Structures are given as structure tokens and as C-alpha cells.
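> Here it is, the structure, as C-alpha cells.
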Amino acid sequence: MPFKKGAFASLKAVEPLVLVYDKSHVNPAYDVMPLFPHLIIYLSQLYSTCRILRLPTFEPTAWMYENHKDKGKEDWEIYAQCVREAMAKAGGLGINN
């Protein structure tokens with residue numbers, strides 16, 4: 001899912017964090033069922049592990065805008081897509097639109 005404009009509109013530096021949940025029986029994303037039943041199921045697990053990857057500060061540059069202009073029409077879209085791709089690569093995740 002592409003990033004929204006919010007954090008990238010100002011074109012300031014961002015410090016991405018990637019949360020990688022190791023395999024467990026319950027997926028921590030609660031987009032399919034309501035929050036309360038999901039919390040009960042999720043907290044019923046004996047344990048759940050999560051790795052937090054703190055990526056280096058990402059700052060937009062003119063080179064990035066020029067070489068990645070196919071990723072969006074506006075500067076913030078290009079910036080957001082570049083950060084998104086870096087986060088996916090660092091976490092070993094695929095990109096899904």
C-alpha cells in the first residue's frame with residue numbers, strides 16, 4: 001500500500017523504522033477482524049517476537065528526483081516511493097499496491 005502525503009509533503013528528512021514480526025500463529029495486522037476479538041486471540045499466544053529495524057535517516061536529493069521520476073508526478077510521491085522501497089528491501093518484504 002503506497003504511503004500517504006503527510007510525512008513526505010514537507011520534503012524533510014525521515015528516519016524509517018521497519019517492524020518485522022517473526023512467524024507466529026496469529027498475524028498482528030487487525031485489518032480483517034475487529035480490534036477487541038483480535039487482541040484476545042493475539043494475546044493468547046505464548047509469545048510473539050518482533051524485530052525493529054532502524055534505517056538511516058533518509059533525505060531527499062535532486063539526484064533522487066531526477067533518477068526516479070518514473071515513480072511519481074510530484075516530488076513527495078517520488079520521495080515516498082523511494083523510502084517505501086528501501087524499507088521493503090531492508091525488511092525482506094514485498095511491495096504490494
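Chains: A, B, ... in order of the C-alpha cells. Residues: from 1 per chain. Ligands: from 1, in order shown.
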Could you pull the residues within 6 Å of range 75-89 of chain A, counting only C-alpha atoms, minus those fewer than 4 positions along the same chain, as a list in words?
Phe8, Ala9, Lys71 and Leu93 of chain A
> I need the alpha helix (DSSP H) residues of chain A per DSSP on the backbone, written as number ranges by chain.
A: 35-43, 62-67, 75-91
> Residues as selected, C-alpha atoms, written as a PDB file, in the first residue's frame, can you do that?

ATOM      1  CA  LEU A  35      -9.792  -4.966  17.286  1.00  0.00           C
ATOM      2  CA  PHE A  36     -11.104  -6.454  20.551  1.00  0.00           C
ATOM      3  CA  PRO A  37     -11.526 -10.082  19.352  1.00  0.00           C
ATOM      4  CA  HIS A  38      -8.203  -9.820  17.550  1.00  0.00           C
ATOM      5  CA  LEU A  39      -6.444  -8.639  20.722  1.00  0.00           C
ATOM      6  CA  ILE A  40      -7.853 -11.563  22.699  1.00  0.00           C
ATOM      7  CA  ILE A  41      -6.618 -14.061  20.113  1.00  0.00           C
ATOM      8  CA  TYR A  42      -3.253 -12.338  19.666  1.00  0.00           C
ATOM      9  CA  LEU A  43      -2.555 -12.002  23.386  1.00  0.00           C
ATOM     10  CA  ALA A  62      17.930  16.387  -6.558  1.00  0.00           C
ATOM     11  CA  TRP A  63      19.651  13.235  -7.850  1.00  0.00           C
ATOM     12  CA  MET A  64      16.851  11.094  -6.416  1.00  0.00           C
ATOM     13  CA  TYR A  65      14.165  13.226  -8.078  1.00  0.00           C
ATOM     14  CA  GLU A  66      15.953  13.098 -11.426  1.00  0.00           C
ATOM     15  CA  ASN A  67      16.758   9.384 -11.483  1.00  0.00           C
ATOM     16  CA  ASP A  75       8.372  15.335  -5.522  1.00  0.00           C
ATOM     17  CA  TRP A  76       6.694  13.944  -2.394  1.00  0.00           C
ATOM     18  CA  GLU A  77       5.440  10.904  -4.353  1.00  0.00           C
ATOM     19  CA  ILE A  78       8.937  10.115  -5.614  1.00  0.00           C
ATOM     20  CA  TYR A  79      10.374  10.576  -2.124  1.00  0.00           C
ATOM     21  CA  ALA A  80       7.702   8.374  -0.511  1.00  0.00           C
ATOM     22  CA  GLN A  81       8.181   5.612  -3.075  1.00  0.00           C
ATOM     23  CA  CYS A  82      11.963   5.599  -2.621  1.00  0.00           C
ATOM     24  CA  VAL A  83      11.591   5.332   1.174  1.00  0.00           C
ATOM     25  CA  ARG A  84       8.983   2.602   0.736  1.00  0.00           C
ATOM     26  CA  GLU A  85      11.282   0.562  -1.489  1.00  0.00           C
ATOM     27  CA  ALA A  86      14.205   0.964   0.923  1.00  0.00           C
ATOM     28  CA  MET A  87      12.028  -0.199   3.834  1.00  0.00           C
ATOM     29  CA  ALA A  88      10.753  -3.216   1.889  1.00  0.00           C
ATOM     30  CA  LYS A  89      14.285  -4.214   0.897  1.00  0.00           C
ATOM     31  CA  ALA A  90      15.633  -3.864   4.454  1.00  0.00           C
ATOM     32  CA  GLY A  91      12.807  -5.913   5.927  1.00  0.00           C
TER      33      GLY A  91
END
> For each of A:Tyr21, A:Pro16, A:Val32, A:Ile95, take the minimum atom-to-atom distance to Thr49 in chain A, counting only C-alpha atoms, then give the residue where this is smallest.
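Using only C-alpha atoms, Thr49 in chain A sits closest to A:Tyr21.
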> So how far away is CA of Asn97 in chain A from CA of Pro2 in chain A, in Å?
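Distance reported for this atom pair: 6.5 Å.
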> Interatomic distance between CA of Val18 in chain A and CA of Arg54 in chain A?
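If I compute the distance from CA of Val18 in chain A to CA of Arg54 in chain A, I get 6.6 Å.
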> Could you tell me how far CA of Val14 in chain A sits from CA of Asn96 in chain A, in Å to one decimal place?
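Interatomic distance here is 21.7 Å.
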> Could you find all residues in chain A that DSSP calls strand (DSSP E) from the backbone, and write them as a ChimeraX atom specification?
/A:17-21,50-54
> Do you know which residues are at most 7 Å from Glu15 in chain A counting only C-alpha atoms, after dropping those on the same chain fewer than 3 positions away, and could you put them as a list in words?
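The residues that qualify are Leu55, Pro56, Thr57 and Phe58 of chain A.
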> Leaving out Cys50 in chain A and any residue of its chain fewer than 6 positions from it, which residues lie within 7 Å of it when counting only C-alpha atoms, given as a PDB file with C-alpha atoms, in the first residue's frame?

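As written to disk, around.pdb reads:
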ATOM      1  CA  LEU A  19       8.733  -3.807  12.233  1.00  0.00           C
ATOM      2  CA  VAL A  20       9.290  -7.409  11.172  1.00  0.00           C
ATOM      3  CA  TYR A  21       7.075  -9.863  13.031  1.00  0.00           C
ATOM      4  CA  ASP A  22       8.570 -13.325  13.099  1.00  0.00           C
TER       5      ASP A  22
END
